[in-house]
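Read the structure below first, then the notes.
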There are 2 protein chains.
Amino acid sequence: MIKLDLSHSLDKEVFKDYQSKVTIINQMINEKTGLGNDFLGWADWPINYDKEEVERMLKGAKYIRDNYDILVVCGIGGSYLGARCALEALKGLYPDDKLQIIFMGQTFSPNYVAQVLNYLKGKRFAINVISKSGTTTETSISFRLLKDLLEKQVGKEEARKAIYATTDKEKGALKTLATKEGYETFTLPSNIGGRFSVLTAVGLFPLACANIDIKAMLEGAKEARDLYMNDHLDTNICYQYAITRDYMYRHGKSSEMFVTYEPSMSQLSEWLKQLFGESEGKERKALLPTSVTFSTDLHSLGQFIQDGTHVLFETIINVVKPNQDIVIPHDNEDLDGLNYLEGKGLAFVNQKAFEGTLKAHVEDGGVPCNIIYIDEMNEKNLGHLFYFFMRACAMSAYLLGINPFNQPGVEIYKRNMFHLLGKKGY
Amino acid sequence: MIKLDLSHSLDKEVFKDYQSKVTIINQMINEKTGLGNDFLGWADWPINYDKEEVERMLKGAKYIRDNYDILVVCGIGGSYLGARCALEALKGLYPDDKLQIIFMGQTFSPNYVAQVLNYLKGKRFAINVISKSGTTTETSISFRLLKDLLEKQVGKEEARKAIYATTDKEKGALKTLATKEGYETFTLPSNIGGRFSVLTAVGLFPLACANIDIKAMLEGAKEARDLYMNDHLDTNICYQYAITRDYMYRHGKSSEMFVTYEPSMSQLSEWLKQLFGESEGKERKALLPTSVTFSTDLHSLGQFIQDGTHVLFETIINVVKPNQDIVIPHDNEDLDGLNYLEGKGLAFVNQKAFEGTLKAHVEDGGVPCNIIYIDEMNEKNLGHLFYFFMRACAMSAYLLGINPFNQPGVEIYKRNMFHLLGKKGY
């Protein structure tokens with residue numbers, strides 16, 4: 001379960017000023033009447049998703065786990081961050097699993113691409129290429145290289161069994177290629193944008209390959225949908241959170257800093273940075289999304305947060321119970337002075353670091369802190385959390401008067417780049 | 001070699017207004033008369049470093065490479081970020097080396113610690129524990145656990161050969177333990193703070209173990225020292241850069257965003273965030289340091305940078321020539337429409353992405369962009385770059401009227417935490 005603590009950030013009295021706006025916007029989301037309403041497929045996705053496709057994903061995942069040692073997930077942006085963040089949050093940074101998952105297609109870096117290709121040489125790998133159009137430049141270059149390597153290693157016939165395409169249901173270069181080659185395909189729904197796609201095949205298929213319970217994720221998302229599709233500000237913590245963002249922005253804060261206490265959750269912050277930054281960063285508006293992983297970054301950005309410019313507020317995602325614990329052992333000499341913690345778990349120490357830091361930042365630093373508590377990190381809670389943030393983002397953007405579902409600004413650099421690359425028509 | 005392009009950020013006329021201040025501060029740094037002058041050891045380090053110690057590091061590194069498969073580097077903050085960022089920048093994210101390097105001691109997360117300990121089980125590993133005092137909580141807990149595992153696996157006698165301590169020359173818990181146990185030790189100089197320590201044994205010993213040419217790094221740093229210890233603003237690009245930071249801060253910008261085009265350089269941005277955030281984030285002043293890795297993050301934060309709030313400027317670190325390149329192959333069908341790039345290298349594409357993005361952000365987005373060009377990423381240039389940024393940071397902090405070398409704000413959360421943990425005296 002997920003709880004929201006606003007006692008260190010906001011007086012709940014301000015909800016009253018927001019009630020009428022929230023009621024209108026909630027109705028716009030439910031009835032799909034707001035700006036960008038063609039891209040609200042995610043809102044009812046937890047009840048509308050294609051059950052048959054989920055079964056095909058599970059079957060494909062089993063085939064991959066039975067036949068390969070590595071799955072290369074080839075995508076960028078919304079076709080990359082969701083799967084990566086869920087994989088790390090649920091499995092950790094040193095997962096003990098027979099299938100390794102590697103990400104590619106998210107960079108032009110020749111160093112990165114060359115190293116991954118070199119690493120894959122001679123290994124048994126499958127590919128999940130993810131692109132709505134099939135012409136996303138980073139992803140399609142990487143896929144061309146990966147396909148080339150795979151076909152050279154195992155032949156065209158075996159290669160086609162190892163390639164899974166997640167793309168548009170009907171059209172586009174990748175769909176055409178997949179049909180021609182006979183790849184298994186999954187659908188990137190046309191009414192769901194990349195940054196809202198983690199609960200579709202985009203996120204779920206790689207996660208299923210990692211033996212993650214994707215049905216439980218969808219169940220968690222459904223639970224969240226049921227909880228947050230109403231305008232009751234006394235209980236709807238999703239919209240409460242959205243309001244704090246709007247309130248902070250209108251009261252002098254220019255950055256929201258996402259805080260976790262788990263290195264495996266740093267990619268969740270990256271997913272959040274895309275979700276909010278790309279949904280809201282328009283018309284010279286919005287909070288700059290930033291992130292830290294504590295206690296690691298208390299030893300780097302901690303000083304700034306404590307004593308620097310008052311530009312930010314924190315949104316802390318605190319997992320109360322870790323998936324495993326480690327007990328601090330006794331030492332006869334106690335030269336490091338740690339015996340006072342003997343027999344205590346690291347989970348306890350990590351929670352006290354959180355509590356001590358919260359107090360320091362709020363009371364001494366004057367930094368407002370939202371806290372989102374998750375009882376434990378599992379599939380259901382993560383699915384819930386994804387939905388929580390997507391719905392909060394829609395509310396928050398609409399409160400700003402922004403269409404949450406387009407991204408007009410990302411076309412400009414692409415046009416310039418295509419012109420410089422000599423692409424026809426640019 | 002390193003070049004600075006300010007043509008998209010600043011009119012060099014403003015240098016005139018800074019000349020007298022820069023002259024005074026440069027003298028303060030050279031003569032060690034400013035605030036925090038006890039911690040200016042890094043400034044002349046490239047000529048003052050202990051040559052005998054470097055030879056001992058090389059000898060230790062050879063022993064580790066010959067006898068172990070993994071080196072666990074156990075440290076946090078300045079005893080973690082420098083080595084990690086240099087390792088990744090120089091060796092990449094999928095390095096093809098017989099010695100694997102793993103970082104620990106930078107988190108309380110039981111999930112992370114448990115996974116690393118599990119991964120190390122039954123493997124041949126050495127430890128480099130790094131802590132000035134030996135009582136940094138994250139690091140000393142991890143070290144206690146690592147030492148325990150190692151002694152159980154190979155016995156106390158063999159374990160002591162596998163442990164290298166980087167710590168204070170004379171005092172502290174780790175020094176005492178190292179002396180008692182007979183560990184090989186390296187020095188964390190008392191006049192160099194953590195975030196300025198990358199060119200001491202703190203950074204250099206792990207890097208030597210990774211077969212990185214640490215003498216070339218020191219040589220690059222010496223080259224930088226010789227170039228940047230003067231007040232000639234027409235040629236001293238280090239201070240030119242420091243001035244842009246001060247100017248941006250005083251003209252409405254609240255965040256500096258470090259930009260790289262290499263996934264392997266994202267940790268360099270983390271090092272920079274500590275360097276500037278911890279040096280300057282005091283007295284309710286300073287720029288919030290943030291970072292992105294392009295083109296990856298053009299698909300997440302790109303929209304905000306292009307069209308969002310005008311709170312930031314960019315400092316782009318562009319490596320002109322990659323260490324390797326990958327040519328885009330021909331495809332008979334060309335369904336992905338990439339044949340126009342056939343025969344071109346990814347390095348070319350990455351540079352065009354940089355140029356197209358620069359134009360989009362500067363001309364359409366109105367975002368000021370500093371560009372630091374590095375001809376290639378190698379030991380010498382990275383050593384140069386480290387010194388460049390440390391010296392620029394000292395200048396920049398002094399321009400703000402801040403002592404760059406203390407970190408009073410990081411004590412508050414620690415006091416709270418120790419109190420909650422029940423540590424004596426808190």
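The way I read the labels, and the way they are meant: chains A, B, ... in the order of the structure tokens, residue 1 as the first residue of every chain, and ligand 1 as the first ligand shown, with later ones counted on from there.
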Give one line per residue of chain B that approaches chain A to at most 6 Å, naming the two atoms of the closest pair and their distance in Å to one decimal, counting only C-alpha atoms; sort by chain then ascending residue number and deliver it as JSON lines.
{"residue": "B:Gly77", "atom": "CA", "partner": "A:His299", "partner_atom": "CA", "distance": 4.7}
{"residue": "B:Tyr94", "atom": "CA", "partner": "A:Gln115", "partner_atom": "CA", "distance": 5.7}
{"residue": "B:Gln106", "atom": "CA", "partner": "A:Thr296", "partner_atom": "CA", "distance": 5.2}
{"residue": "B:Thr107", "atom": "CA", "partner": "A:Thr296", "partner_atom": "CA", "distance": 5.4}
{"residue": "B:Phe108", "atom": "CA", "partner": "A:Asn350", "partner_atom": "CA", "distance": 5.3}
{"residue": "B:Ser109", "atom": "CA", "partner": "A:Glu262", "partner_atom": "CA", "distance": 5.6}
{"residue": "B:Pro110", "atom": "CA", "partner": "A:Asp325", "partner_atom": "CA", "distance": 5.0}
{"residue": "B:Asn111", "atom": "CA", "partner": "A:Gln324", "partner_atom": "CA", "distance": 5.8}
{"residue": "B:Gln115", "atom": "CA", "partner": "A:Tyr94", "partner_atom": "CA", "distance": 5.7}
{"residue": "B:Thr135", "atom": "CA", "partner": "A:Asp336", "partner_atom": "CA", "distance": 5.4}
{"residue": "B:Ala173", "atom": "CA", "partner": "A:Leu335", "partner_atom": "CA", "distance": 5.6}
{"residue": "B:Glu262", "atom": "CA", "partner": "A:Ser109", "partner_atom": "CA", "distance": 5.6}
{"residue": "B:Gln274", "atom": "CA", "partner": "A:Ser300", "partner_atom": "CA", "distance": 4.0}
{"residue": "B:Gly277", "atom": "CA", "partner": "A:Phe304", "partner_atom": "CA", "distance": 5.3}
{"residue": "B:Glu278", "atom": "CA", "partner": "A:Gln303", "partner_atom": "CA", "distance": 5.2}
{"residue": "B:Gly281", "atom": "CA", "partner": "A:Phe304", "partner_atom": "CA", "distance": 4.0}
{"residue": "B:Lys282", "atom": "CA", "partner": "A:Gly308", "partner_atom": "CA", "distance": 4.7}
{"residue": "B:Glu283", "atom": "CA", "partner": "A:Asp307", "partner_atom": "CA", "distance": 5.9}
{"residue": "B:Arg284", "atom": "CA", "partner": "A:Gly308", "partner_atom": "CA", "distance": 4.2}
{"residue": "B:Lys285", "atom": "CA", "partner": "A:Thr309", "partner_atom": "CA", "distance": 4.7}
{"residue": "B:Ala286", "atom": "CA", "partner": "A:Thr309", "partner_atom": "CA", "distance": 5.9}
{"residue": "B:Ser295", "atom": "CA", "partner": "A:Thr107", "partner_atom": "CA", "distance": 5.7}
{"residue": "B:Thr296", "atom": "CA", "partner": "A:Gln106", "partner_atom": "CA", "distance": 5.3}
{"residue": "B:His299", "atom": "CA", "partner": "A:Gly77", "partner_atom": "CA", "distance": 4.7}
{"residue": "B:Ser300", "atom": "CA", "partner": "A:Gln274", "partner_atom": "CA", "distance": 4.0}
{"residue": "B:Leu301", "atom": "CA", "partner": "A:Gly277", "partner_atom": "CA", "distance": 5.4}
{"residue": "B:Gln303", "atom": "CA", "partner": "A:Gly409", "partner_atom": "CA", "distance": 5.1}
{"residue": "B:Phe304", "atom": "CA", "partner": "A:Gly281", "partner_atom": "CA", "distance": 4.0}
{"residue": "B:Gln306", "atom": "CA", "partner": "A:Gly409", "partner_atom": "CA", "distance": 5.7}
{"residue": "B:Asp307", "atom": "CA", "partner": "A:Lys282", "partner_atom": "CA", "distance": 4.7}
{"residue": "B:Gly308", "atom": "CA", "partner": "A:Gly281", "partner_atom": "CA", "distance": 4.0}
{"residue": "B:Thr309", "atom": "CA", "partner": "A:Arg284", "partner_atom": "CA", "distance": 4.3}
{"residue": "B:Gln324", "atom": "CA", "partner": "A:Asn111", "partner_atom": "CA", "distance": 5.8}
{"residue": "B:Asp325", "atom": "CA", "partner": "A:Pro110", "partner_atom": "CA", "distance": 5.1}
{"residue": "B:Ile326", "atom": "CA", "partner": "A:Pro110", "partner_atom": "CA", "distance": 5.7}
{"residue": "B:Leu335", "atom": "CA", "partner": "A:Ala173", "partner_atom": "CA", "distance": 5.6}
{"residue": "B:Asp336", "atom": "CA", "partner": "A:Thr135", "partner_atom": "CA", "distance": 5.4}
{"residue": "B:Leu346", "atom": "CA", "partner": "A:Pro110", "partner_atom": "CA", "distance": 5.2}
{"residue": "B:Ala347", "atom": "CA", "partner": "A:Pro110", "partner_atom": "CA", "distance": 5.8}
{"residue": "B:Asn350", "atom": "CA", "partner": "A:Phe108", "partner_atom": "CA", "distance": 5.3}
{"residue": "B:Lys352", "atom": "CA", "partner": "A:Met417", "partner_atom": "CA", "distance": 5.6}
{"residue": "B:Ala353", "atom": "CA", "partner": "A:Met417", "partner_atom": "CA", "distance": 5.3}
{"residue": "B:Gly356", "atom": "CA", "partner": "A:Met417", "partner_atom": "CA", "distance": 4.5}
{"residue": "B:Thr357", "atom": "CA", "partner": "A:Tyr413", "partner_atom": "CA", "distance": 4.6}
{"residue": "B:Ala360", "atom": "CA", "partner": "A:Tyr413", "partner_atom": "CA", "distance": 5.1}
{"residue": "B:Gly409", "atom": "CA", "partner": "A:Gln303", "partner_atom": "CA", "distance": 5.0}
{"residue": "B:Val410", "atom": "CA", "partner": "A:Gln303", "partner_atom": "CA", "distance": 5.4}
{"residue": "B:Ile412", "atom": "CA", "partner": "A:Ala360", "partner_atom": "CA", "distance": 5.8}
{"residue": "B:Tyr413", "atom": "CA", "partner": "A:Thr357", "partner_atom": "CA", "distance": 4.6}
{"residue": "B:Asn416", "atom": "CA", "partner": "A:Gly356", "partner_atom": "CA", "distance": 4.5}
{"residue": "B:Met417", "atom": "CA", "partner": "A:Gly356", "partner_atom": "CA", "distance": 4.4}
Can you check which residues of region 1-222 of chain A DSSP gives as helix (DSSP H, G or I) on the backbone and send them as a PyMOL selection string?
chain A and resi 12-31+37-39+45-48+51-67+77-79+81-91+110-120+137-161+173-181+194-196+201-209+214-222
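Here the question is which of A:Glu314, A:Leu150, A:Leu199, A:Glu256 gets nearest to Lys215 (chain A) using only C-alpha atoms, and that residue is A:Leu199.
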As a list in words, please: every residue in region 226-272 of chain B that a backbone DSSP assignment puts in strand (DSSP E).
Ser255, Glu256, Met257, Phe258, Val259 and Thr260 of chain B
Kindly save the residues from that selection, with all heavy atoms included, as a PDB file, in the first residue's frame.
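Wrote out_32.pdb, looks like this:
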ATOM      1  N   SER B 255      20.137  27.012 -12.109  1.00  0.00           N
ATOM      2  CA  SER B 255      20.711  25.674 -12.246  1.00  0.00           C
ATOM      3  C   SER B 255      21.694  25.594 -13.403  1.00  0.00           C
ATOM      4  O   SER B 255      21.437  26.105 -14.492  1.00  0.00           O
ATOM      5  CB  SER B 255      19.586  24.649 -12.454  1.00  0.00           C
ATOM      6  OG  SER B 255      20.118  23.355 -12.670  1.00  0.00           O
ATOM      7  N   GLU B 256      22.821  24.945 -13.149  1.00  0.00           N
ATOM      8  CA  GLU B 256      23.748  24.589 -14.224  1.00  0.00           C
ATOM      9  C   GLU B 256      23.521  23.122 -14.558  1.00  0.00           C
ATOM     10  O   GLU B 256      23.562  22.266 -13.674  1.00  0.00           O
ATOM     11  CB  GLU B 256      25.205  24.782 -13.772  1.00  0.00           C
ATOM     12  CG  GLU B 256      26.222  24.316 -14.833  1.00  0.00           C
ATOM     13  CD  GLU B 256      27.669  24.593 -14.434  1.00  0.00           C
ATOM     14  OE1 GLU B 256      27.941  24.620 -13.211  1.00  0.00           O
ATOM     15  OE2 GLU B 256      28.502  24.800 -15.332  1.00  0.00           O
ATOM     16  N   MET B 257      23.274  22.853 -15.835  1.00  0.00           N
ATOM     17  CA  MET B 257      23.046  21.477 -16.261  1.00  0.00           C
ATOM     18  C   MET B 257      24.275  20.979 -17.020  1.00  0.00           C
ATOM     19  O   MET B 257      24.630  21.525 -18.058  1.00  0.00           O
ATOM     20  CB  MET B 257      21.809  21.409 -17.150  1.00  0.00           C
ATOM     21  CG  MET B 257      21.453  20.005 -17.583  1.00  0.00           C
ATOM     22  SD  MET B 257      19.827  19.943 -18.393  1.00  0.00           S
ATOM     23  CE  MET B 257      18.748  19.629 -16.979  1.00  0.00           C
ATOM     24  N   PHE B 258      24.925  19.961 -16.451  1.00  0.00           N
ATOM     25  CA  PHE B 258      26.070  19.351 -17.132  1.00  0.00           C
ATOM     26  C   PHE B 258      25.558  18.369 -18.178  1.00  0.00           C
ATOM     27  O   PHE B 258      24.693  17.539 -17.882  1.00  0.00           O
ATOM     28  CB  PHE B 258      26.992  18.654 -16.128  1.00  0.00           C
ATOM     29  CG  PHE B 258      27.630  19.617 -15.174  1.00  0.00           C
ATOM     30  CD1 PHE B 258      27.187  19.735 -13.865  1.00  0.00           C
ATOM     31  CD2 PHE B 258      28.662  20.436 -15.603  1.00  0.00           C
ATOM     32  CE1 PHE B 258      27.758  20.653 -12.994  1.00  0.00           C
ATOM     33  CE2 PHE B 258      29.251  21.354 -14.730  1.00  0.00           C
ATOM     34  CZ  PHE B 258      28.797  21.463 -13.426  1.00  0.00           C
ATOM     35  N   VAL B 259      26.088  18.502 -19.375  1.00  0.00           N
ATOM     36  CA  VAL B 259      25.608  17.709 -20.504  1.00  0.00           C
ATOM     37  C   VAL B 259      26.764  16.916 -21.101  1.00  0.00           C
ATOM     38  O   VAL B 259      27.820  17.484 -21.393  1.00  0.00           O
ATOM     39  CB  VAL B 259      25.034  18.622 -21.612  1.00  0.00           C
ATOM     40  CG1 VAL B 259      24.562  17.790 -22.812  1.00  0.00           C
ATOM     41  CG2 VAL B 259      23.918  19.499 -21.078  1.00  0.00           C
ATOM     42  N   THR B 260      26.575  15.613 -21.263  1.00  0.00           N
ATOM     43  CA  THR B 260      27.550  14.817 -22.004  1.00  0.00           C
ATOM     44  C   THR B 260      26.809  14.028 -23.074  1.00  0.00           C
ATOM     45  O   THR B 260      25.579  13.911 -23.028  1.00  0.00           O
ATOM     46  CB  THR B 260      28.302  13.829 -21.098  1.00  0.00           C
ATOM     47  OG1 THR B 260      27.366  12.857 -20.614  1.00  0.00           O
ATOM     48  CG2 THR B 260      28.948  14.528 -19.922  1.00  0.00           C
TER      49      THR B 260
END
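Between Phe15 (chain B) and the residues B:Gly383, B:Asn236, B:Ala394, B:Val129, the shortest atom-to-atom distance, using only C-alpha atoms, involves B:Asn236.
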In terms of only C-alpha atoms, the residue from B:Gly182, B:Gly220, B:Gly82, B:Gly41 at minimal distance from Phe388 (chain B) is B:Gly220
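Here CA of Glu151 (chain B) and CA of Tyr164 (chain B) stand 14.3 Å from one another.
Note that the spacing between CA of Glu181 (chain A) and CA of Leu58 (chain A) amounts to 21.6 Å.
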